[in-house]
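*Asks:* input.cif is reproduced in full below (mmCIF, C-alpha atoms (C1' of nucleotides)).
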```
data_work
loop_
_atom_site.label_atom_id
_atom_site.label_comp_id
_atom_site.auth_asym_id
_atom_site.auth_seq_id
_atom_site.Cartn_x
_atom_site.Cartn_y
_atom_site.Cartn_z
CA MET Y 1 9.55 9.30 14.86
CA ASN Y 2 7.04 7.03 13.16
CA TYR Y 3 7.29 3.51 11.79
CA TRP Y 4 5.72 2.17 8.61
CA LEU Y 5 5.24 -0.86 6.45
CA MET Y 6 5.26 -0.26 2.70
CA LYS Y 7 4.22 -2.89 0.20
CA SER Y 8 5.68 -3.40 -3.22
CA GLU Y 9 5.33 -6.13 -5.76
CA PRO Y 10 8.88 -7.42 -6.24
CA ASP Y 11 8.25 -8.06 -9.95
CA VAL Y 12 7.68 -4.33 -10.26
CA PHE Y 13 10.06 -2.94 -7.66
CA SER Y 14 11.89 -5.02 -5.08
CA PHE Y 15 14.09 -4.26 -2.10
CA ASP Y 16 17.08 -5.27 -4.23
CA ASP Y 17 15.99 -2.77 -6.86
CA LEU Y 18 16.00 -0.07 -4.19
CA LYS Y 19 19.57 -0.97 -3.23
CA LYS Y 20 20.68 -0.68 -6.83
CA ARG Y 21 19.18 2.77 -7.37
CA PRO Y 22 21.44 5.79 -7.51
CA LYS Y 23 21.63 7.06 -3.94
CA LYS Y 24 19.64 3.93 -3.04
CA THR Y 25 16.56 6.10 -3.21
CA GLU Y 26 13.28 5.87 -5.08
CA PRO Y 27 10.29 8.22 -5.28
CA TRP Y 28 7.33 6.18 -4.10
CA ASN Y 29 5.12 7.03 -7.03
CA GLY Y 30 1.89 5.48 -8.17
CA VAL Y 31 0.02 5.44 -4.87
CA ARG Y 32 -3.59 6.24 -5.76
CA ASN Y 33 -5.36 5.58 -2.51
CA TYR Y 34 -6.31 8.47 -0.26
CA GLN Y 35 -5.49 6.86 3.05
CA ALA Y 36 -2.06 5.81 1.85
CA ARG Y 37 -1.49 9.25 0.39
CA ASN Y 38 -2.47 10.90 3.65
CA PHE Y 39 0.10 8.84 5.52
CA MET Y 40 2.82 10.08 3.17
CA ARG Y 41 1.58 13.66 2.91
CA ASP Y 42 0.55 14.31 6.48
CA GLU Y 43 2.38 11.96 8.79
CA MET Y 44 5.70 10.84 7.39
CA GLN Y 45 8.85 12.56 8.51
CA VAL Y 46 12.35 12.32 7.10
CA GLY Y 47 14.12 9.49 8.87
CA ASP Y 48 11.02 7.45 9.73
CA HIS Y 49 11.80 3.74 9.51
CA ILE Y 50 10.10 1.44 7.02
CA LEU Y 51 9.56 -2.29 6.78
CA PHE Y 52 9.89 -3.04 3.06
CA TYR Y 53 7.25 -5.65 2.29
CA HIS Y 54 6.91 -7.79 -0.84
CA SER Y 55 3.34 -8.60 -1.82
CA SER Y 56 1.72 -10.65 -4.58
CA CYS Y 57 4.67 -12.96 -4.86
CA GLU Y 58 5.74 -16.46 -3.96
CA VAL Y 59 6.72 -15.65 -0.39
CA PRO Y 60 5.09 -12.45 0.83
CA GLY Y 61 6.88 -10.82 3.74
CA VAL Y 62 9.32 -8.22 5.01
CA TYR Y 63 12.52 -8.17 2.95
CA GLY Y 64 14.48 -5.21 4.29
CA ILE Y 65 14.60 -1.96 6.17
CA ALA Y 66 14.28 1.43 4.52
CA LYS Y 67 13.63 4.95 5.68
CA VAL Y 68 11.78 8.04 4.57
CA GLY Y 69 14.23 10.03 2.47
CA SER Y 70 12.38 13.25 1.74
CA LYS Y 71 9.55 15.49 2.74
CA PRO Y 72 6.31 14.93 0.84
CA TYR Y 73 6.04 16.43 -2.65
CA PRO Y 74 3.68 15.99 -5.61
CA ASP Y 75 3.92 12.71 -7.53
CA SER Y 76 5.04 13.80 -11.02
CA THR Y 77 3.42 10.80 -12.70
CA GLN Y 78 -0.02 12.26 -12.07
CA PHE Y 79 0.71 15.03 -14.61
CA ASP Y 80 2.03 12.76 -17.34
CA PRO Y 81 -0.64 11.65 -19.82
CA LYS Y 82 1.60 8.80 -20.93
CA SER Y 83 1.94 7.41 -17.41
CA GLU Y 84 -0.32 4.66 -16.18
CA TYR Y 85 -0.66 6.79 -13.04
CA TYR Y 86 -1.90 9.85 -14.93
CA ASP Y 87 -4.78 11.66 -13.23
CA SER Y 88 -6.65 14.09 -15.43
CA LYS Y 89 -8.19 15.76 -12.40
CA SER Y 90 -4.83 16.80 -11.00
CA THR Y 91 -3.24 20.12 -11.84
CA GLN Y 92 0.20 21.55 -11.06
CA ASP Y 93 -1.50 24.17 -8.90
CA ASN Y 94 -3.68 21.66 -7.15
CA PRO Y 95 -2.01 18.25 -7.16
CA ARG Y 96 -3.98 15.40 -5.77
CA TRP Y 97 -1.23 12.86 -5.16
CA PHE Y 98 1.84 13.23 -2.98
CA LEU Y 99 4.75 10.92 -2.27
CA VAL Y 100 7.98 10.69 -0.34
CA ASP Y 101 11.34 9.29 -1.36
CA VAL Y 102 12.17 5.90 0.11
CA THR Y 103 15.83 5.22 0.90
CA TYR Y 104 17.60 1.97 1.65
CA GLU Y 105 18.62 1.66 5.29
CA MET Y 106 19.82 -1.86 6.02
CA ASP Y 107 19.60 -5.51 5.04
CA LEU Y 108 18.06 -8.20 7.15
CA ASP Y 109 19.93 -11.49 7.48
CA HIS Y 110 16.87 -13.18 6.07
CA HIS Y 111 13.36 -12.20 5.10
CA VAL Y 112 10.46 -12.50 7.56
CA SER Y 113 7.55 -14.13 5.78
CA LEU Y 114 3.90 -13.31 6.29
CA GLU Y 115 3.47 -16.87 7.49
CA GLU Y 116 6.09 -16.22 10.16
CA LEU Y 117 4.52 -12.94 11.22
CA LYS Y 118 1.23 -14.70 11.82
CA LYS Y 119 2.83 -17.09 14.28
CA HIS Y 120 3.77 -14.42 16.79
CA LYS Y 121 1.33 -13.44 19.48
CA LYS Y 122 3.05 -10.08 19.86
CA LEU Y 123 2.15 -9.22 16.29
CA GLU Y 124 -1.44 -10.34 16.21
CA GLU Y 125 -2.74 -6.79 16.39
CA MET Y 126 -0.64 -5.55 13.49
CA ARG Y 127 -2.73 -3.76 10.93
CA LEU Y 128 -1.12 -5.85 8.24
CA LEU Y 129 -2.62 -8.97 9.76
CA GLN Y 130 -6.12 -7.60 10.26
CA ARG Y 131 -8.71 -8.99 7.97
CA GLY Y 132 -9.50 -7.29 4.74
CA ASN Y 133 -6.57 -4.97 4.91
CA ARG Y 134 -5.35 -3.88 1.52
CA LEU Y 135 -3.61 -0.60 2.16
CA SER Y 136 -0.18 -0.41 0.55
CA ILE Y 137 1.15 1.80 3.32
CA LEU Y 138 0.46 0.99 6.95
CA PRO Y 139 1.65 2.38 10.26
CA VAL Y 140 3.36 -0.06 12.61
CA THR Y 141 4.18 0.53 16.22
CA ARG Y 142 7.74 0.90 17.42
CA GLU Y 143 7.34 -2.37 19.29
CA GLU Y 144 6.16 -4.20 16.19
CA PHE Y 145 8.94 -2.69 14.13
CA ASP Y 146 11.67 -3.67 16.58
CA TYR Y 147 10.24 -7.14 17.03
CA ILE Y 148 10.07 -7.85 13.30
CA LYS Y 149 13.53 -6.42 12.70
CA LYS Y 150 14.88 -8.74 15.36
CA LEU Y 151 13.16 -11.70 13.69
CA GLY Y 152 15.05 -10.85 10.50
CA LEU Y 153 18.43 -10.73 12.21
CA SER Y 154 20.19 -13.77 13.55
"C1'" DG A 1 -26.58 11.11 0.26
"C1'" DC A 2 -27.64 6.28 -0.99
"C1'" DC A 3 -26.19 2.22 -2.99
"C1'" DA A 4 -25.41 -0.98 -6.95
"C1'" DA A 5 -21.93 -1.90 -10.02
"C1'" DC A 6 -17.45 -2.19 -10.89
"C1'" DG A 7 -12.38 -2.32 -10.18
"C1'" DT A 8 -8.38 -3.49 -7.39
"C1'" DT A 9 -5.66 -5.84 -3.94
"C1'" DG A 10 -3.39 -9.67 -2.47
"C1'" DG A 11 -3.27 -14.23 -0.18
"C1'" DC A 12 -3.99 -18.71 -1.38
"C1'" DG K 1 -7.13 -18.27 -11.44
"C1'" DC K 2 -10.28 -17.68 -7.52
"C1'" DC K 3 -12.49 -14.86 -4.45
"C1'" DA K 4 -13.16 -11.99 -0.14
"C1'" DA K 5 -12.75 -7.44 1.13
"C1'" DC K 6 -13.11 -2.95 0.33
"C1'" DG K 7 -12.54 1.59 -2.31
"C1'" DT K 8 -14.46 4.37 -6.03
"C1'" DT K 9 -17.81 5.83 -9.32
"C1'" DG K 10 -21.94 7.54 -10.93
"C1'" DG K 11 -27.00 7.40 -11.51
"C1'" DC K 12 -30.82 8.74 -9.05
#
```
Before we go any further, please render this structure as structure tokens.

*Replies:*
Amino acid sequence: MNYWLMKSEPDVFSFDDLKKRPKKTEPWNGVRNYQARNFMRDEMQVGDHILFYHSSCEVPGVYGIAKVGSKPYPDSTQFDPKSEYYDSKSTQDNPRWFLVDVTYEMDLDHHVSLEELKKHKKLEEMRLLQRGNRLSILPVTREEFDYIKKLGLS
DNA sequence: GCCAACGTTGGC
DNA sequence: GCCAACGTTGGC
């Protein structure tokens, strides 16, 4: 079992949006970074737990808990010329981009802001908090995951 | 294979 | 809107 942090801009797709989806599930399309893709394609397993993080917004931070809802499969938007995620170098036989479904798991009592995360010594080695990090999908340790979840419950 | 130019991310 | 960090592209 692995643990992850996945970023989303809430103006585009928020944790609330995920809850409102049919089956509370959303294909995580549009990732066009190889490292992030590799995490989804090679390392994620159904049932892995996810910290759902809002970025590029007024209060960046963790807003809920989700889980991996499917095995990896090709991101259909890469084949669609009308999609902003279209990739002309991808073919059905040799897709370049893979995704997993993300499924709602549980609410937190309150969000845990980036500012809050930075205050905790136990979290100072989190990849999210390392300088220059821009990956939209990051592994977290079980300890980090549990600690942050606890911060969001009270 | 190097590296300059360019584009994107994301906090502030 | 700024800008640091870093990934990607493409000429050579």

*Asks:* Neighbouring residues of region 59-62 of chain Y were defined as those with any atom within 6 Å, considering only C-alpha atoms (C1' of nucleotides); residues of the same chain fewer than 6 positions away were excluded. Please report them as a list in words.

*Replies:*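 The residues satisfying every condition are Phe52, Tyr53, His111, Val112, Ser113 and Leu114 of chain Y.
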
*Asks:* Got a sec to pull out which chain K residues are within 9 Å of chain Y, counting all atoms listed in the file, and send them as a ChimeraX atom specification?

*Replies:* /K:4-7

*Asks:* What does the file look like for those residues with C-alpha atoms (C1' of nucleotides), as a short mmCIF file (atom, residue, chain, number, x, y, z; two decimals), in the frame of the given file?

*Replies:*
```
data_model
loop_
_atom_site.label_atom_id
_atom_site.label_comp_id
_atom_site.auth_asym_id
_atom_site.auth_seq_id
_atom_site.Cartn_x
_atom_site.Cartn_y
_atom_site.Cartn_z
"C1'" DA K 4 -13.16 -11.99 -0.14
"C1'" DA K 5 -12.75 -7.44 1.13
"C1'" DC K 6 -13.11 -2.95 0.33
"C1'" DG K 7 -12.54 1.59 -2.31
#
```

*Asks:* Between CA of Leu128 (chain Y) and C1' of DC3 (chain K), what is the distance in Å, rounded to a tenth?

*Replies:*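 Taking CA of Leu128 (chain Y) as the start and C1' of DC3 (chain K) as the end point, the length is 19.3 Å.
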
*Asks:* Report, in Å to a single decimal, how far apart CA of Asp48 (chain Y) and CA of Asp101 (chain Y) are.

*Replies:*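 Between CA of Asp101 (chain Y) and CA of Asp48 (chain Y) the gap works out to 11.2 Å.
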
*Asks:* Would you list the contacts of Asp87 (chain Y) as an NGL selection string, taking every protein, DNA or RNA residue within 7 Å and counting only C-alpha atoms (C1' of nucleotides), but skipping same-chain residues closer than 3 positions in sequence?

*Replies:* :Y and (78-79 or 90)

*Asks:* Expanded to explicit residues, what is the PyMOL selection byres ((chain Y and resi 86) around 12) for this file, as a PyMOL selection string?

*Replies:* chain Y and resi 29-32+75-85+87-91+95-97

*Asks:* In Å, how far is it from CA of Pro10 (chain Y) to CA of Lys149 (chain Y)?

*Replies:*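 Computing it gives 19.5 Å between the two atoms.
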
*Asks:* Enumerate, as a list in words, the residues matched when the PyMOL selection byres ((chain K and resi 12) around 10) is run on the file above.

*Replies:*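 With the PyMOL selection byres ((chain K and resi 12) around 10) on this model, the match is DC2 of chain A; DG10 and DG11 of chain K.
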
*Asks:* Can you list, as a list in words, the residues that the PyMOL selection byres ((chain Y and resi 51) around 6) selects here?

*Replies:*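 Written out, the selection comes to Leu5, Ile50, Phe52 and Ile65 of chain Y.
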
*Asks:* Rank Y:Glu43, Y:His49, Y:Asp11, Y:Thr103 by their smallest atom-to-atom distance to Asp146 (chain Y), using all atoms listed in the file, and report the top residue only.

*Replies:* Y:His49

*Asks:* Go ahead and fit an axis-aligned box to every listed atom of region 7-12 of chain A plus 8 Å each side, and pass me the centre and edge lengths in Å, one decimal, as AutoDock Vina command-line options.

*Replies:*
```
--center_x -7.8 --center_y -10.5 --center_z -5.2 --size_x 25.1 --size_y 32.4 --size_z 26.0
```

*Asks:* Identify the residues within 8 Å of coordinate (18.1, -9.4, 11.9) (same frame as the file), considering all atoms listed in the file, and give the answer as a list in words.

*Replies:*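 Those residues lying close to the given coordinates are Leu108, Asp109, His110, Lys149, Lys150, Leu151, Gly152, Leu153 and Ser154 of chain Y.
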